[in-house]
Structure formats: C-alpha cells, structure tokens
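Notes for the one structure printed next.
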Amino acid sequence: MTDQQLSLATASYDDGDVDTNPTRNPHLADLVARRYSRRQLMGGMSAMTTAVFGGALLAGCDDDNKQDVITVSDGVNVQTQGGRVVTLTATATDNASTTKFTQVSGPTVPVIASGNSITFTAPNVAQSTALVFEFTASGGSGSSSARSTVTVLPATLAFTAVAKNLNDVVTVPSDYQVTVLYRLGDPIAASVAAYANDGSDTNFAQRAGDHHDGMSFFGLAASGNAPDTTNNTRGVLVLNHENITQAYLHANGPSPSPRPEAEAIKEIEAHGVSVIEVSRTSNTGAWSYVQGSALNRRITPNTPVQFNGPVRGNAALRTLYAADGTTGRGTINNCANGYMPWGTYLTNEENWGGYFRRTAGDAAVRTAAGNAKQNVSLTRYGISEGRAGNYGWTTVTPSDATSTVFARWNATAGASAAADGTADFRNEPFQFGWVVEIDPYTQTSTPRKRTALGRMNHEGCMAGRVVAGVRPAFYMGDDAQNEYIYKFVSATPWVAADATPSDRLATGDKYLDTGTLYVARFEADGSGTWLPLTFGQNGLTAANASYAFADQADVLINARLAADVLGATRMDRPEWTAVNPVNGEMYCTLTNNSSRTPATTDAANPRAYTDPKLPQGDVVNADPPTSAQATRGNANGHVIRLRETGDTTEATGFTWDIYAFGSGADLDPTNINLSGLDASNDFSSPDGLWFGLPSNASGQVAPVLWIETDDGAYTDVTNCMLLAAMPGSVGDGGTRVVNNTLTTAANSTTTSTATTRIGAAPGSKLKRFLVGPKECEITGITSTPDGRSLFVNIQHPGENGGPANITSSWPANQAGAVTSPTRPRSATIVITKTDGGVVGL
C-alpha cells in the first residue's frame, strides 16, 4: 500500500511523516512551504492505483499580501483501492480565517485532521465507489470551496508472494517490516531482571511463557485502564503459552527423573497465558510492551480458577484441592483462542491429557470403588494406564511437604483413599479440557472454566456473527485424529448493549453457561446436520451400552463419547475455527491425519495418499518411499467451511465444501493438489486461522483470511508459513472424484474413491505472506482495529536443538546475523506496512 498525499494543488509524494496531532495548527504558509519541500512525485504505486492530478492555485495576492477574495485550489479526481492510506492536502489564500474538510458523499470514513490535511484509510468496496470531500475556506469577505473525488476500487492482496525458504529469519514482502515485541522470558513486572537466556532464569510467573500461541488484542483508552475498542496505539495483548521447549529452559538441558523442584517449577510456570499492555507512540511509531503495567499478569497452571455451567460442583471435579468441585488450579496446553463480543478472551485447553501420570492398577482401584465408567472416559481421552506424564513433574519431592503442585499431575487413584476423590487427584484430569474465559482488563479477576461448551482437546472457540435477538453460536474443533467439530448455541438471544458491559465475566455467565452443545455430521451431498449433545436424547441415556450417561454434566464431561454415540463425522484433526465477518460462514482447519486410509475416506475427508519427503541432502526419493521419506494419510491437510441454513447461528443444518486442499505444487493435480496450488501459494498442514476485522478494509466486503501452518510433511522444502486469502463462499466450486492410493512402509498398496465438494481454485486470491525461521510453527494472530499492525506468534524456533546444538538463533538474528549461536525463543512479532497501510492489502 502506498500512502498517497493527494494535494489539491499539485501531485506530491507523502513519505509517511504526517503530523497526526490535531492540536497543532501551523500557519497556512507553513503548510504550503512544508508541502513543497517534499518530493514532488508519486512512487511505489501499482499501475491500477497510480493517478496523475493537479490544479491551479487560485489565490489573488497583491504586493502587500492583502486579499479581497478568499479562494481555494481546484478539486481533483484520483483513484485508489480498499486498504490504502489517502491524504488530501488543500491550500487557501492567507486571508482565510477558518478551513475545514467535509465528506459529502460515499461510505463515511473516519479521518485524522492536521491543519489543512486529512488522512484516512480507504474502505473495502464491492465495486468502484466514489468518496467526495469538500474543502471550504471562510473569512470576513466570504468563503470558497472545492470538491475532490477519491474513487475507491475493491481491495486486492497487493503484495508479492514470499518464496518458500529454509532461512532462519521471519521473511515478509519487501514493503513490510517486522518488529520483535514479546519473547520467552521477557519480564512483565518492573522489579524482574532482563532475561539472560542461558538457562539460569527463574520466576516465570512474572515472565513471558514459552510456545506463544493463540492471541487477541483488546484496545485501551489513551489513559487509564478502561476499554476502547477503537484505539490503535494502546491495548492489552493476551496470548497463550501452549508448551515448552524443555532443552533451552535449563542451563544444560533438563535433568533426569526424579526431577529437581526448581526445574519443574520453571516448566510449569512457562505454560499458561500472558496478559500484557502494549503501546506505540503514534500510528507510525514502534510497538513495545509495558514492563511495569498494572494490567500485566501471568495465568499459569497454578492460578486459581472457578468452574461455571452445568458441571460446576459435579462429583467428577472433586479433588484434594477442591473438595466441592467448584474451583481448581490453572490451565495448561492452551492452543487457540477466542475474542468474545463482550470484550473477554477465551483460552482453550488442548493436549492436556499427556501431562497426567496414571500407573498400572489404577483401573482396578476405580472399578472397586464403583467408578468403572471413569476407565472408559480416561481411555477415550488418551489417559491410559502406564502413562508417566509429561516432563516427569510427579517425580519431584517438594521442599514444602504440604505442597500438591506436583502430586496433582498423578491421576492414579490411591487404593486406601476416599472413593469420592477428595483425598487424592484421581479426578484432576476431569478439571481439564475446558474453554476458559479471562477478563483482560481486570487483573484481579478469576478465570472461569465454561463447562457448557464441553470437554475435549479444545483447539479454539470462535464466536459467530452476533445479531440482536438471535442466539449466538461458538465454533470449536477437537484437535486429535478422527475427532469432531462442535458448536455451542447460547440459550440467550444477543442484546446489543452487552457489547460494552460493566461486568464482562457476568456477561460471559449470561451467554456461555446455558445453551446447547452440538456436534457436526457431514453428508456426501454437501449438506450437514448439527446433532445436539443433550442428555435423554438420541441414545445419551443411562441405558447406552458403550457408556451409561448419568445426566447432562456427564454428557459434557464426556463430549467425545456422546459424539461417538450420535454418529458425528470423524475429521482430520479439527483445529482453529474462524468466521467470515461478512457472510457468517465458518472455516475450520483440518491439519492432517496420518491414520486416514483409503478405506476410511469420506466426502469431507476425501484424501489418503503418500507424500514423499526428501531427507536433508538427498536429491531423489526412494520409489516406493521409505518410512523416513514419506508422510501418509492426509499428509497436507485441508480447510473446510460451512454455511448455516438461513444464515443464522441458531440453525441445526448447514451446507459445506472444502475451501482449499494443502499440497505441494508438484503433487498429483488430479487426486492430491486439488486446489491447483502453485509456487506462490502451496502449503501444508493448515493450523491457525483468522479473519481480518470488520473495523477495517481487511474485514469488509471480501475479508482477508489468514492461514498459519504447523507442518511436518513439507519441511524439506520450506519452513512454516502464513498465507493471506480472499476466499469466495460455500458452493462456488463443484464436485470432484478423488482416487486414493496409499503405499505403506511394507510396500502394500490400497486404493479407494471418494467424491467431495471443492471450492473454486484460489488462484491469486491466496498468497504466501510470511515464512518463519527454522523448526518453528506459525501460531497466534490478531490485529489492531485499523488493521495496520498485525501481531503474529512464532512458536518453538529451533525446537530440535539444545544447549550444545543450537539449531536456530531467532529472534536474536532478526535484525541481522549473530556472531555466535544464541538460544532461540518463541516470540510475538508485529508486522506493519512501510507506508502505514492495512496489512495484506
């Protein structure tokens, strides 16, 4: 995007140094002098948006600089496109006492006034649209005015696609810049020292955690801590810390079990959520986080939380720590997120099951205690007997004998303990797998686990469009192979006044604690059904043979088991969800599925194939591929989308198609590269997903969809990436027959045929915008309301290395090469356009 200074007197180039403070009003002569001191040409614009314009200055001045008539320069007609920054600068004779710009036609745009200039960002439009502005100068002898027309064309992805690469930096288009904002270990309290990054650091309860992931920006007023959803220069950034790269957290890597207490504390605290204040000095200034802000806090696995909704107080939540089942401690393995319409943040517990230890013999103890059903539940959620638990935290001997911060991760039932679970932590796994709501503006608020939304490997939770009088919906994926897509529909219709409530968490109570949880079934004809997970219906009863459901709380605790009973469609790892702000269509990434076979393909998950992968240094692949050289199943993933019947979030039916199939550009175009991807947009394993905001051009008319990857199949060719898309809508393509062939490591081959629904080929409306550093994943994404600052998270760069073998030096090397390898750090970056326009357009 080019910042265009459209002078009413002459064509000129604005280098971005625009005074945006309306309290300073220099003399008109100073403005004219300043304008003529700039370069008198326009540059950096595409052919479509270049405009040559000019007009005569009609000032009539005598030798004494006295004027009888007030005049202004002629108006001009110029052209731009949605998302571009436009500056109109006018001149008037010196005897004018007042001047002003007024928009007289076209979609109203907010402007920043400075002297006789206004600056605005062109909105997105469906077709060529004229914005007309009138400049008027007045004084004692009368007034004069002139009109200018800015013709806005529909926005496009106006950047050159970034090439695939294996570099150890974040690569973006040449007219963009990257700022590293918030890194692993950065202190968030004034008294905490800078991060040494050598494994010696402690106190991660007051430092940035690891593995930055889902993220949202919440605007703050210019002063104080009140919300201001329109502020683009100050806000609260809330982000998840999904996991850790254990090797880099300690001086010489992790110690073996039994684990040292200090190491385990550091690892636990490095999980969770960060809430930090961020700001910039102006619309063009550099972003930074505010280390000593009163709003800063970390929510870790040790932070007190409370349970809300139908499962609150249920026997399954009772533990030694929380005997009444209404409270608990913390949140862990938080992946994607959700921004709620009332100004709160949802963090979602994903692969939490792996953190629990469960020793042999536990099942027998539970059965003897009358809790045999728990064995079915634990197994369905991946917590089988014989698990040691991630990172060996339960092997720590705490210095405080009364502490249970390590013992809580041992879900083994004590044979002599109370059968109700209040004497041990057998029920601790049931305290996880929930959606958690956080108030970003109130540091003392207690996070709430929203049990009405079900228990699973929650990837994200995204709200659908809210319409007054209509019950809102919230869309979720369960991130594991062959799991399901869900939505929760609130029992309460949306009230517009709730967008700015005085008590945000109470508003969450209103919309998230009562409603209906549904799971999706996709039909071969392109239709679909939302199946209600409601106790007493469709086999969800005590008489069910596979699992006897006791009540609605039991259904929600065991949402996977309930969805099994209902016959939901098993998907290829449902991850992030995103909702198109214009048409309400919901998109969901299906990252990949190594267990998908030709025999188990269906219309919504139609591919099972072998994706060859070159080991580093090889120039040819073995034929057939060896185990080390191939990824099997649905190796590259796809993005599915659905449109609710009647375009209402209350619908129980939908239509669907597959927006895009991940693939290398060189793979079989008939059965694998079904979306016709080329070198500018081929990708693998879509994960993060987010639409531009409707408050700026990237979320209007044809919103920009951002797609992030978490890849293992294409990493011989490129690091993980971020793509920008302008998708169409469900049904814009057609049907496709896919012939699947899967060759196993044992060289056996199976085949099948599946007919699917595929969207129109993305073509130039899908482009690679960013490639990350080595061994990373591109994760969270959000922006300021104006879309001119894009926040992106880079997770676990150099994850395959360690202190003695550092495989990435990012982000230390983002500004230039480092003299020696530096331990990598997950980090949040900010991407801005050099000319200050909307990112991506």
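The way I read the labels, and the way they are meant: chains A, B, ... in the order of the structure tokens, residue 1 as the first residue of every chain, and ligand 1 as the first ligand shown, with later ones counted on from there.
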
Near segment 704-710 of chain A, counting only C-alpha atoms, which residues have an atom at most 7 Å away, once you skip same-chain residues fewer than 2 positions from it, shown as a PyMOL selection string? chain A and resi 684-692+698-699+702+720-726+777-779

Across A:Val639, A:Ala194, A:Ala205, A:Val180, the smallest distance to Lys266 of chain A, with only C-alpha atoms counted, is shown by A:Ala205

I'd like the neighbourhood of Phe425 of chain A as an NGL selection string, where a residue qualifies if any of its atoms comes within 7 Å (using only C-alpha atoms), though same-chain residues fewer than 2 positions away should be ignored. :A and (319-320 or 408 or 410-411 or 421 or 427-428)

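Pairwise distance (atom CA of Ser377 of chain A, atom CA of Tyr547 of chain A) equals 8.5 Å.
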
Mind checking which residues fall within 12 Å of Gly802 of chain A, counting only C-alpha atoms, ignoring those fewer than 5 positions away in the same chain, and posting them as a VMD selection string? chain A and resid 198 to 199 245 to 254 796 to 797 807 to 809 821 to 825

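The neighbours of Pro173 of chain A here are the residues that come within 12 Å of it, using only C-alpha atoms and leaving out any residue fewer than 2 positions away in the same chain; they are Met1, Leu157, Ala158, Phe159, Thr160, Ala161, Val162, Ala163, Val170, Thr171, Asp175, Tyr176, Gln177, Val178, Leu722, Leu723, Lys767, Arg768, Phe769, Leu770, Val771, Ile831, Thr832, Lys833, Thr834, Val839, Gly840 and Leu841 of chain A.
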
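With atom CA of Val236 of chain A on one side and atom CA of Gly816 of chain A on the other, the separation reads 29.2 Å.
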